[in-house]
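J.: Sharing a structure below in structure tokens format, with a few things to ask.
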Amino acid sequence: MAKTYDNELEGQHAFYQTYLPRVDSSITQDEIQSNYTDGVVNGNILEFKLNINDLNSVLFQTIKYLSSMRVKGKSIPRNILLISLNDEKVYLYYSEKYLQQIETIYIGGASKDNHGFICGNAEQVYDLTQDIAQENIITLLRSCNYTRINIDENCIVGWGQRYYRENPMANKSDFIGDETGKIRIIGEIRQPEKFKEYILPYKGKSNERFRYLMDKLNDDIQKKNLGAFYTNRVYADKSLELLRKAISRVPKGNDYIILDRCAGTGNLELGMTTEELSHTIVSTLEYYEYKVLSESLGDKVRHIIPPTEKEDTFNMGLVRGADALSKEYVDNQIIKQYIDNPSCTIILFENPPYAETTSLEHQRRKISKKSSSWKDSFVVKEMKKEIKGAATNDLGNAFIWSAFKYYLRQPTDSYIVYSPVKYWKAQHIINRKFLGGFAFNRKHFHTNIDACVMCAYWGQEESNISEFNLIGYDINKNNELVALDKPLPIRKINSLFSQKYYDRTTMPDCTEDGILIGLNGLEADSSVKRRITPIYSPEMMGYLVADSAGFDNPDAKSSLLVAGRYNGNGFFLHKSNYLEKLPLFAASRYITYNRAWTERARIMKSADGHKRYFTDIKSGKLNQFLLQCLLFTCLEAQNHMQEFTGSDGRYYRNNLTLDTSNGSTLAAEALLGFIPNETEKELLAQWNKVLEAAKKTAEYIPTINYGLYQIKCDLNTSHFDEETGTTIFHYPDLNGHIKSLAELVKRYYNTTIVPMLFQYEFLK
């Protein structure tokens, strides 16, 4: 190590090349450099500097890394090695002596604002010019000792996720448990076994400290079974305005109850007054949430279901008698005494769970059927007698439907409920009087998704309204409500694309010996489950998927392919009328270019304007718009049409490209009469730059008419540079032109295409 380094990365690489073969020859540098650190090797964290001039600041930087690792549930190495490359010195510190600092939360980059920290003396300083020091470093790097940390609200979620990853069959009681109540399962955090080398026993008797995180502490399957119904406190307090409006409608002389059938740990109730709580009935299905709920609100609310814990209350992690979808709950005498009392007003106030039990996680664990057991509940079976279709697959809908079926019965009864708007907008679960409401950002509900969640105040009386407005609120970094400038309109959808626009007519000369395509635009593997017949016809233009009303998984619900998609959900495009179908594809891309939380789950796809649309098609009024949609489609990356020879021996052409290097395409022919404006001229010029750069690549095949997607897949090649951690594109000109085109397409879509999509109610 006599070399003097000008570059820290070069010095790190040399250090690891020197020592890793002696420590463990199977370890690579990539494997140990994670968590934004310079490396973690067994029970050691390493931090390199060309020259360490301030041990205090370098040690503090490393402590910040360890703090981040603790939050993520990663083992904290006992040894901190600070390496001054050009001095050839290594300073050893023990992390246990800095546990208090490691258990502090830091904001900002670890390398910033590190002055002022005062560390103790190093345990040892090693001079790497000495053989004995080098051997000592090798011994340290082989050691696997760790500092045990304290579990708190900052790190428990990270450690919980790790516990379930490493113990796939474990559940919440195995991880947290507690020392109170009839069922005393101590749990890993209180009596560490799997993590005994990494964590100290948690001393809290109950889990009250973790009340805001209880939904996140379920194992992955339980999270999906129960659904997520955590409510941000800021939003919960705002929704109390709606609750108090409902209370103000209680007739003089009436008693009233506020029922929350899915209270979790009671976030919705935290801002209630003592008087309001005295009218409140709460329940929750998950056992440890029930215990926190009882501890925090049990002496304040009128009732909790069940009132006390019995020997049989714990039921495989759930609470016996608290399943709001069971007949037992619907008939619960504590609640029913108020339902049967005409002098009592019923107010439901809740954030129902949302469960998606067909997820990949369920399939991976092979318990999809078991985790959908709620679909066999009493409430869902009764709901299916009145509600048909996919609406019965949403757990939240069962709560909403049952609220009006079993609990609300008088004109002054009310329901304040959190849920995505689709239950009213697209699924038509209810048709009640809308008395007010807010739009909230789903991101603040323990998810990572920016989307609209409606908190609506419904009356019991029937109403056939088709539109209403919500006042939108986001939450800023200071945890404060921020109101939007304009109200958000919610408009009901009455028909889907598939009902009015999908073309199911048989094409001429149709045979069943074609091929099927995957989402990537190429022929699907024969092993995939096929849901449609692989037909072929000379009239076939391709296959279009514009599935569902909403924008969940937009890329899976939107496809343009040269032949049928293996799992269906679309229709075959005819060469004779494909132009009139392209607005469906354009509408399906809306959320890609409009990602604000106010759009997702509020704006949906609709066929409500189909009569006006077809009338204006026939009159020629929309000729220019159709060509604009065609231009957009040819330049949009989700158009996955590719050219190739299929296993049936046929050559599949991409007719929705403007590349005519090997003969004209239907798109190019249709645009011959198109008179572009200045914006469209700019788009076409940029496409020509992309195509020109594509033809200069080594991978270019002259016999193909390339579309943008095939250029991106086959010609815009790249590799990942492990040293710099960046993607290096082999043809910077091509990549740059593609990026510029994407920006122009986005702007064109939002200014030219979107207004017409709303005008004809493709978007609503």
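Following the order of the structure tokens, first chain is A, next is B, and so on, with residues numbered from 1 inside each chain and ligands from 1 in the order they appear.
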I need the strand (DSSP E) residues of segment 206-308 of chain A per DSSP on the backbone, written as a PDB file with N, CA and C atoms, in the first residue's frame.
T.:
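Writing done, so here's result22.pdb:
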```pdb
ATOM      1  N   ASP A 255     -80.346  10.233  21.633  1.00  0.00           N
ATOM      2  CA  ASP A 255     -78.988   9.767  21.913  1.00  0.00           C
ATOM      3  C   ASP A 255     -78.318   9.547  20.558  1.00  0.00           C
ATOM      4  N   TYR A 256     -77.014   9.385  20.533  1.00  0.00           N
ATOM      5  CA  TYR A 256     -76.333   9.019  19.294  1.00  0.00           C
ATOM      6  C   TYR A 256     -75.106   8.180  19.618  1.00  0.00           C
ATOM      7  N   ILE A 257     -74.716   7.351  18.667  1.00  0.00           N
ATOM      8  CA  ILE A 257     -73.457   6.610  18.782  1.00  0.00           C
ATOM      9  C   ILE A 257     -72.609   6.897  17.558  1.00  0.00           C
ATOM     10  N   ILE A 258     -71.290   6.851  17.747  1.00  0.00           N
ATOM     11  CA  ILE A 258     -70.309   6.942  16.667  1.00  0.00           C
ATOM     12  C   ILE A 258     -69.636   5.580  16.583  1.00  0.00           C
ATOM     13  N   LEU A 259     -69.851   4.856  15.511  1.00  0.00           N
ATOM     14  CA  LEU A 259     -69.343   3.493  15.379  1.00  0.00           C
ATOM     15  C   LEU A 259     -68.166   3.452  14.418  1.00  0.00           C
ATOM     16  N   ASP A 260     -67.056   2.927  14.884  1.00  0.00           N
ATOM     17  CA  ASP A 260     -65.870   2.691  14.049  1.00  0.00           C
ATOM     18  C   ASP A 260     -65.543   1.211  14.141  1.00  0.00           C
ATOM     19  N   THR A 280     -68.862   6.879  21.549  1.00  0.00           N
ATOM     20  CA  THR A 280     -68.148   6.124  20.511  1.00  0.00           C
ATOM     21  C   THR A 280     -68.042   4.638  20.850  1.00  0.00           C
ATOM     22  N   ILE A 281     -68.218   3.817  19.815  1.00  0.00           N
ATOM     23  CA  ILE A 281     -68.014   2.369  19.905  1.00  0.00           C
ATOM     24  C   ILE A 281     -66.919   2.008  18.907  1.00  0.00           C
ATOM     25  N   VAL A 282     -65.888   1.311  19.374  1.00  0.00           N
ATOM     26  CA  VAL A 282     -64.768   0.959  18.502  1.00  0.00           C
ATOM     27  C   VAL A 282     -64.500  -0.536  18.537  1.00  0.00           C
ATOM     28  N   SER A 283     -63.933  -1.025  17.462  1.00  0.00           N
ATOM     29  CA  SER A 283     -63.443  -2.405  17.414  1.00  0.00           C
ATOM     30  C   SER A 283     -62.348  -2.483  16.376  1.00  0.00           C
ATOM     31  N   HIS A 303     -68.137   1.970  24.348  1.00  0.00           N
ATOM     32  CA  HIS A 303     -67.970   0.513  24.250  1.00  0.00           C
ATOM     33  C   HIS A 303     -66.753   0.196  23.391  1.00  0.00           C
ATOM     34  N   ILE A 304     -66.148  -0.932  23.673  1.00  0.00           N
ATOM     35  CA  ILE A 304     -65.149  -1.520  22.785  1.00  0.00           C
ATOM     36  C   ILE A 304     -65.564  -2.967  22.558  1.00  0.00           C
ATOM     37  N   ILE A 305     -65.446  -3.437  21.335  1.00  0.00           N
ATOM     38  CA  ILE A 305     -65.888  -4.782  20.968  1.00  0.00           C
ATOM     39  C   ILE A 305     -64.679  -5.673  20.752  1.00  0.00           C
TER      40      ILE A 305
END
```
J.: Taking the DSSP assignment computed from this structure's backbone, write out as a list in words all residues of segment 694-754 of chain A that belong to alpha helix (DSSP H).
T.: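 Checking each residue of segment 694-754 of chain A, the alpha helix (DSSP H) ones are Ala694, Leu708, Tyr709, Gln710, Pro732, Asp733, Leu734, Asn735, Gly736, His737, Ile738, Lys739, Ser740, Leu741, Ala742, Glu743, Leu744, Val745, Lys746, Arg747, Tyr748 and Val754 of chain A.
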J.: Given the selection you just returned, output its residues as a file containing C-alpha atoms, formatted as an mmCIF file, in the first residue's frame.
T.:
```cif
data_model
loop_
_atom_site.group_PDB
_atom_site.id
_atom_site.type_symbol
_atom_site.label_atom_id
_atom_site.label_comp_id
_atom_site.auth_asym_id
_atom_site.auth_seq_id
_atom_site.Cartn_x
_atom_site.Cartn_y
_atom_site.Cartn_z
ATOM 1 C CA ALA A 694 -30.618 4.816 -34.562
ATOM 2 C CA LEU A 708 -39.628 4.083 -30.844
ATOM 3 C CA TYR A 709 -40.001 1.170 -28.434
ATOM 4 C CA GLN A 710 -37.960 -1.218 -30.582
ATOM 5 C CA PRO A 732 -25.231 9.292 -26.135
ATOM 6 C CA ASP A 733 -26.640 11.113 -29.171
ATOM 7 C CA LEU A 734 -29.406 8.552 -29.602
ATOM 8 C CA ASN A 735 -30.213 8.477 -25.904
ATOM 9 C CA GLY A 736 -30.297 12.262 -25.768
ATOM 10 C CA HIS A 737 -32.618 12.509 -28.758
ATOM 11 C CA ILE A 738 -34.962 9.918 -27.215
ATOM 12 C CA LYS A 739 -35.118 11.896 -23.961
ATOM 13 C CA SER A 740 -35.827 15.126 -25.810
ATOM 14 C CA LEU A 741 -38.554 13.434 -27.824
ATOM 15 C CA ALA A 742 -40.171 12.146 -24.631
ATOM 16 C CA GLU A 743 -40.407 15.680 -23.244
ATOM 17 C CA LEU A 744 -41.952 16.977 -26.450
ATOM 18 C CA VAL A 745 -44.457 14.091 -26.512
ATOM 19 C CA LYS A 746 -45.482 14.765 -22.916
ATOM 20 C CA ARG A 747 -46.065 18.446 -23.642
ATOM 21 C CA TYR A 748 -47.977 17.668 -26.840
ATOM 22 C CA VAL A 754 -55.865 15.538 -23.171
#
```
J.: At a cut-off of 6 Å, using only C-alpha atoms, what residues contact segment 202-207 of chain A? Leave out same-chain residues fewer than 2 positions from it and give the result as a VMD selection string.
T.: chain A and resid 178 to 179 189 to 190 209 to 210
J.: Taking 3 positions as the minimum chain separation for residues in the same chain, which residues sit within 8 Å of segment 416-421 of chain A when counting only C-alpha atoms? Answer as a list in words.
T.: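 Contacts, in chain order: Leu242, Leu243, Ile347, Leu348, Phe349, Glu350, Asn351, Pro352, Gly396, Ile400, Trp424, Lys425, Cys452, Val453, Met454, Cys455, Ala456, Tyr457, Trp458, Ile490, Ala601 and Arg602 of chain A.
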J.: To one decimal in Å, tell me the separation between atom CA of Leu763 of chain A and atom CA of Met604 of chain A.
T.: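 Rounded to one decimal, the two atoms are 5.7 Å apart.
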J.: Suppose you want the space between atom CA of Ile591 of chain A and atom CA of Pro554 of chain A; what is it in Å?
T.: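 We find that atom CA of Ile591 of chain A and atom CA of Pro554 of chain A lie 7.5 Å from each other.
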J.: Go through A:Arg653, A:Gly436, A:Ile32, A:Leu579 and flag the residue nearest Pro538 of chain A, using only C-alpha atoms for the distances.
T.: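 Using only C-alpha atoms, Pro538 of chain A sits closest to A:Arg653.
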J.: Which one of A:Phe625, A:Val379, A:Asp555, A:Gly550 sits closest to Phe674 of chain A if you count only C-alpha atoms?
T.: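 Once distances to Phe674 of chain A are computed over only C-alpha atoms, the minimum belongs to A:Phe625.
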